[in-house]
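Novice: What follows is a structure written as C-alpha cells; I'll ask about it next.
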Amino acid sequence: MNNEQIQAMANELRFEAVRMVYEGKDGHPGPALSIADIIATLYFDVMNIRPEEPAWEDRDRLVLSKGHSCPILYAALNERGYYQPKVEHFNLRQLGSKFQGHPSMRSTEGLDMTSGSLGNGIAIGAGMAFAAKVLGKDYFTYVITGDGELQEGVAWEGVNMATGRELDNLVVFVDKNGWQSYKSVEYTVKYNNIADRFRAFGWHTQEICGHDVEAIKAAVAEAKATKGAPSCIVCDDIKGKGISYMENNNNWHKGVPTDEQYEIAKKELGRG
Ligand SMILES: [Mg+2]
C-alpha cells in the first residue's frame, strides 16, 4: 500500500472502531482513534505477519499496552484477514463475545498479548524481544503505550532492562496525546518530557507526528537500522483524531455517540 492508501485505511479503521462502540453501546473511542495511523502503518506496511497463520513463530509481535484502545486493533485484524469469514458485528464488550473491552489473546486470533492492566506493555515487549535474541530469531517486537500509563513504575523497569540487554529489536511507540483517563497528563504529573526520559535511559529516541504515515514509516526504518539500543518513537497525537467533536476532548475517552453524532462521524470519515 502507498501512503495515501494507508492513510485511507486508517480512516476506514476509525470508522469501524466507532461503529463497534456505537453498536455495542460501550467502549473507548478517543484512545482508539489516537493510534489509528500507527496501527494501519504497522499492519499494512511494517509488520512481517501471516494472517492465515496467526501464531507463526517468526512473526513480528505487537503489544497494545493501552488495551482499552483495542477496537482499532480488532478493526485492523479484521481488514487484514485474520478472521474468516470477515466479522460484520463485533458485539464489543458483550458477554460471550471474543471482542472484549480489553483484548484477550486466548479468545481472539492475531493478538500477541492480553492487555489492559496499564503500564505492563514495555516490560512484556522487552521480554519478547529478549526471547528473540536468545533464540536467534530476527523478528521485531512493537509496543504501543499511552503517555498516561508511563506513570506506572513497571514501565521504567522494562525500559531499563531493554537498555541493559541492548534490545535493538524492540520499538516502542508512545501515543503522546496529553490525556489519560479523566485528566490531562500535565495535571497528573506536571512534566510530560517523555523523549528526554527515554534518551536518559539510553534509548534511540525520535519525535514525530503520529498521524503522518510517511513519518511513521521513516521512524520505523531508522529504528530498525539502529544497532545496540532499543528505540522509542514519541508520537504527538490527537486523542479522538478524525472526528471533529471527539478531537482533543477527553469526554470521549469513554463514551457512545448518539444517533446524530454517529451520522456526523460517518460523514467526517467519508462514509456519509
Ligand atoms: Mg494519553
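The way I read the labels, and the way they are meant: chains A, B, ... in the order of the C-alpha cells, residue 1 as the first residue of every chain, and ligand 1 as the first ligand shown, with later ones counted on from there.
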Which chain A residues have any atom within 10 Å of an atom of ligand 1, and for each, what is the nearest pair of atoms with distance in Å to one decimal, counting only C-alpha atoms and all ligand atoms, rows sorted by chain and number, as CSV?

Specialist:
```
residue,atom,partner,partner_atom_place_in_ligand_line,distance
A:Gly30,CA,ligand 1,1 (Mg),9.4
A:Pro31,CA,ligand 1,1 (Mg),7.2
A:Ser34,CA,ligand 1,1 (Mg),8.6
A:Lys66,CA,ligand 1,1 (Mg),8.9
A:Thr145,CA,ligand 1,1 (Mg),8.5
A:Gly146,CA,ligand 1,1 (Mg),4.8
A:Asp147,CA,ligand 1,1 (Mg),4.6
A:Gly148,CA,ligand 1,1 (Mg),5.0
A:Glu149,CA,ligand 1,1 (Mg),7.6
A:Leu150,CA,ligand 1,1 (Mg),9.4
A:Val174,CA,ligand 1,1 (Mg),8.7
A:Asp175,CA,ligand 1,1 (Mg),6.2
A:Lys176,CA,ligand 1,1 (Mg),5.7
A:Asn177,CA,ligand 1,1 (Mg),4.7
A:Gly178,CA,ligand 1,1 (Mg),5.2
A:Trp179,CA,ligand 1,1 (Mg),4.1
A:Gln180,CA,ligand 1,1 (Mg),4.5
A:Ser181,CA,ligand 1,1 (Mg),7.6
A:Lys183,CA,ligand 1,1 (Mg),9.5
A:Ser184,CA,ligand 1,1 (Mg),8.0
A:Val185,CA,ligand 1,1 (Mg),7.1
A:Asp237,CA,ligand 1,1 (Mg),8.6
A:Ile238,CA,ligand 1,1 (Mg),9.0
A:Lys239,CA,ligand 1,1 (Mg),7.3
A:Asn250,CA,ligand 1,1 (Mg),9.6
A:His253,CA,ligand 1,1 (Mg),9.3
```

Novice: With a cut-off of 10 Å, could you pull out the residues of range 226-248 of chain A touching range 188-198 of chain A and give me the nearest pair of atoms for each, distance in Å to one decimal, using only C-alpha atoms, ordered by chain and ascending number, as a tab-separated table?

Specialist:
```
residue	atom	partner	partner_atom	distance
A:Pro230	CA	A:Phe198	CA	9.7
A:Ser231	CA	A:Phe198	CA	8.8
A:Cys232	CA	A:Phe198	CA	7.1
A:Ile233	CA	A:Ala195	CA	8.3
A:Val234	CA	A:Ala195	CA	6.4
A:Cys235	CA	A:Ala195	CA	9.7
```

Novice: So that I have them on file, write out the residues from the current selection with C-alpha atoms, as a PDB file, in the first residue's frame.

Specialist:
```pdb
ATOM      1  CA  PRO A 230      16.126  -0.130  21.827  1.00  0.00           C
ATOM      2  CA  SER A 231      14.077   2.501  20.035  1.00  0.00           C
ATOM      3  CA  CYS A 232      11.338   4.821  21.178  1.00  0.00           C
ATOM      4  CA  ILE A 233       9.128   6.785  18.797  1.00  0.00           C
ATOM      5  CA  VAL A 234       7.299   9.527  20.660  1.00  0.00           C
ATOM      6  CA  CYS A 235       4.201  10.390  18.662  1.00  0.00           C
TER       7      CYS A 235
END
```

Novice: Which residues are near Thr226 in chain A? Cut-off 10 Å, only C-alpha atoms, ignore same chain within fewer than 6 positions. Put them as a PyMOL selection string.

Specialist: chain A and resi 168-169+204+220

Novice: Give me the residues within 12 Å of Ile264 in chain A as a list in words, counting only C-alpha atoms and dropping any in the same chain fewer than 4 places off.

Specialist: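 That gives Phe15, Val18, Gly242, Ile243, Ser244, Tyr245, Met246, Pro257, Thr258, Asp259, Glu260, Glu268, Leu269, Gly270, Arg271 and Gly272 of chain A.
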
Novice: Can you work out which one of A:Ala76, A:Met113, A:Met1, A:Ala126 has the shortest atom-to-atom distance to Lys217 in chain A, counting only C-alpha atoms?

Specialist: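 For Lys217 in chain A, the nearest of the given residues is A:Met1.
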
Novice: Select, from A:Pro29, A:Ala225, A:Ser65, A:Ser97, the residue with the minimum atom-to-atom distance to Asn251 in chain A, counting only C-alpha atoms.

Specialist: A:Pro29

Novice: From the set A:Ala229, A:Val213, A:Ala132, A:Ile6, which residue has the shortest atom-to-atom contact distance to Val159 in chain A, counting only C-alpha atoms?

Specialist: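 So, comparing all the options, the nearest one is A:Ala229.
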
Novice: Find the residues of range 163-223 of chain A that sit at most 10 Å from range 114-124 of chain A; for each, write down the nearest two atoms and how far apart they are in Å, to one decimal. Count only C-alpha atoms. Sort by chain, then by number going up, and give it as JSON lines.

Specialist:
```
{"residue": "A:Leu170", "atom": "CA", "partner": "A:Ile122", "partner_atom": "CA", "distance": 9.1}
{"residue": "A:Val171", "atom": "CA", "partner": "A:Ile122", "partner_atom": "CA", "distance": 9.3}
{"residue": "A:Val172", "atom": "CA", "partner": "A:Ile122", "partner_atom": "CA", "distance": 7.2}
{"residue": "A:Phe173", "atom": "CA", "partner": "A:Ile122", "partner_atom": "CA", "distance": 9.7}
```

Novice: Export N, CA and C atoms of the chosen residues as a compact mmCIF listing (two decimals), in the first residue's frame?

Specialist:
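Contents of again_2.txt, freshly written:
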```txt
# COMPACT_ATOMS: atom_id res chain seq x y z
N LEU A 170 13.47 -4.04 19.57
CA LEU A 170 12.28 -3.56 20.29
C LEU A 170 12.01 -2.11 19.91
N VAL A 171 10.79 -1.83 19.48
CA VAL A 171 10.40 -0.47 19.10
C VAL A 171 9.13 -0.10 19.88
N VAL A 172 9.24 0.94 20.68
CA VAL A 172 8.10 1.40 21.48
C VAL A 172 7.54 2.70 20.91
N PHE A 173 6.27 2.68 20.60
CA PHE A 173 5.56 3.91 20.22
C PHE A 173 4.90 4.47 21.47
```

Novice: Compile a residue-level contact table for range 20-131 of chain A against range 7-12 of chain A at a cut-off of 7 Å, reporting for every qualifying residue the shortest atom pair and its distance in Å to one decimal, with only C-alpha atoms counted, rows ordered by chain and ascending number, as a Markdown table.

Specialist:
```
| residue | atom | partner | partner_atom | distance |
| --- | --- | --- | --- | --- |
| A:Ala36 | CA | A:Ala10 | CA | 5.3 |
| A:Asp37 | CA | A:Ala10 | CA | 5.2 |
| A:Ala40 | CA | A:Ala10 | CA | 5.3 |
```

Novice: Can you pull out the residues contacting Glu53 in chain A? Cut-off 12 Å, using only C-alpha atoms, and skip same-chain residues under 5 positions away; I want them as number ranges by chain.

Specialist: A: 48, 58-59, 81-84, 109-111

Novice: Keeping only C-alpha atoms, take the residues you just selected and write them out as a tab-separated table (two decimals), in the first residue's frame.

Specialist:
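The resulting again_35.tsv:
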```tsv
chain	number	residue	atom	x	y	z
A	48	ASN	CA	6.09	-9.27	8.91
A	58	ASP	CA	8.80	-15.88	13.36
A	59	ARG	CA	6.13	-13.18	13.08
A	81	GLY	CA	-7.82	-11.06	7.05
A	82	TYR	CA	-7.28	-12.65	10.46
A	83	TYR	CA	-10.95	-13.53	10.82
A	84	GLN	CA	-12.62	-15.88	8.36
A	109	GLU	CA	-6.88	-14.59	16.85
A	110	GLY	CA	-3.96	-12.36	15.99
A	111	LEU	CA	-3.37	-10.89	19.42
```

Novice: Tell me, in Å to one decimal, how far CA of Tyr139 in chain A is from CA of Gly228 in chain A.

Specialist: 15.5 Å

Novice: My list of candidates is A:Val21, A:Gln5, A:Phe99, A:Asp236. Which is closest to Asn248 in chain A when distances are computed with only C-alpha atoms?

Specialist: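 Ranked by minimum distance to Asn248 in chain A, first place goes to A:Asp236.
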
Novice: CA of Lys267 in chain A and CA of His102 in chain A, how far apart in Å?

Specialist: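 Here the two named atoms are 28.1 Å from each other.
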
Novice: Where does DSSP see strand (DSSP E) in range 126-180 of chain A, if you list the residues as a PyMOL selection string?

Specialist: chain A and resi 141-146+170-176

Novice: Take the residues just selected and output them with C-alpha atoms as a short mmCIF file (atom, residue, chain, number, x, y, z; two decimals), in the first residue's frame.

Specialist:
```cif
data_model
loop_
_atom_site.label_atom_id
_atom_site.label_comp_id
_atom_site.auth_asym_id
_atom_site.auth_seq_id
_atom_site.Cartn_x
_atom_site.Cartn_y
_atom_site.Cartn_z
CA THR A 141 8.56 -6.52 18.73
CA TYR A 142 6.46 -3.35 18.66
CA VAL A 143 4.75 -1.83 21.68
CA ILE A 144 2.17 0.95 21.77
CA THR A 145 1.93 2.64 25.14
CA GLY A 146 -0.09 5.63 26.28
CA LEU A 170 12.28 -3.56 20.29
CA VAL A 171 10.40 -0.47 19.10
CA VAL A 172 8.10 1.40 21.48
CA PHE A 173 5.56 3.91 20.22
CA VAL A 174 4.38 6.39 22.81
CA ASP A 175 0.91 7.75 21.99
CA LYS A 176 1.59 11.20 23.42
#
```

Novice: Rank nothing, just name the residue among A:Pro103, A:Pro54, A:Gly240, A:Gly153 nearest to Leu73 in chain A, using only C-alpha atoms.

Specialist: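 With only C-alpha atoms as the atom set, the closest residue is A:Pro103.
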
Novice: List every residue of range 31-121 of chain A that DSSP, applied to the backbone, labels as alpha helix (DSSP H), and write the result as a PyMOL selection string.

Specialist: chain A and resi 31-34+36-41+70-80+121

Novice: Could you please determine the separation between CA of Met105 in chain A and CA of Tyr74 in chain A in Å, to one decimal place?

Specialist: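 Between these atoms lies a distance of 11.7 Å.
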
Novice: Using only C-alpha atoms, which of A:Leu95, A:Val87, A:Leu33, A:Met20 sits nearest Glu247 in chain A?

Specialist: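 Closest residue, counting only C-alpha atoms: A:Leu33.
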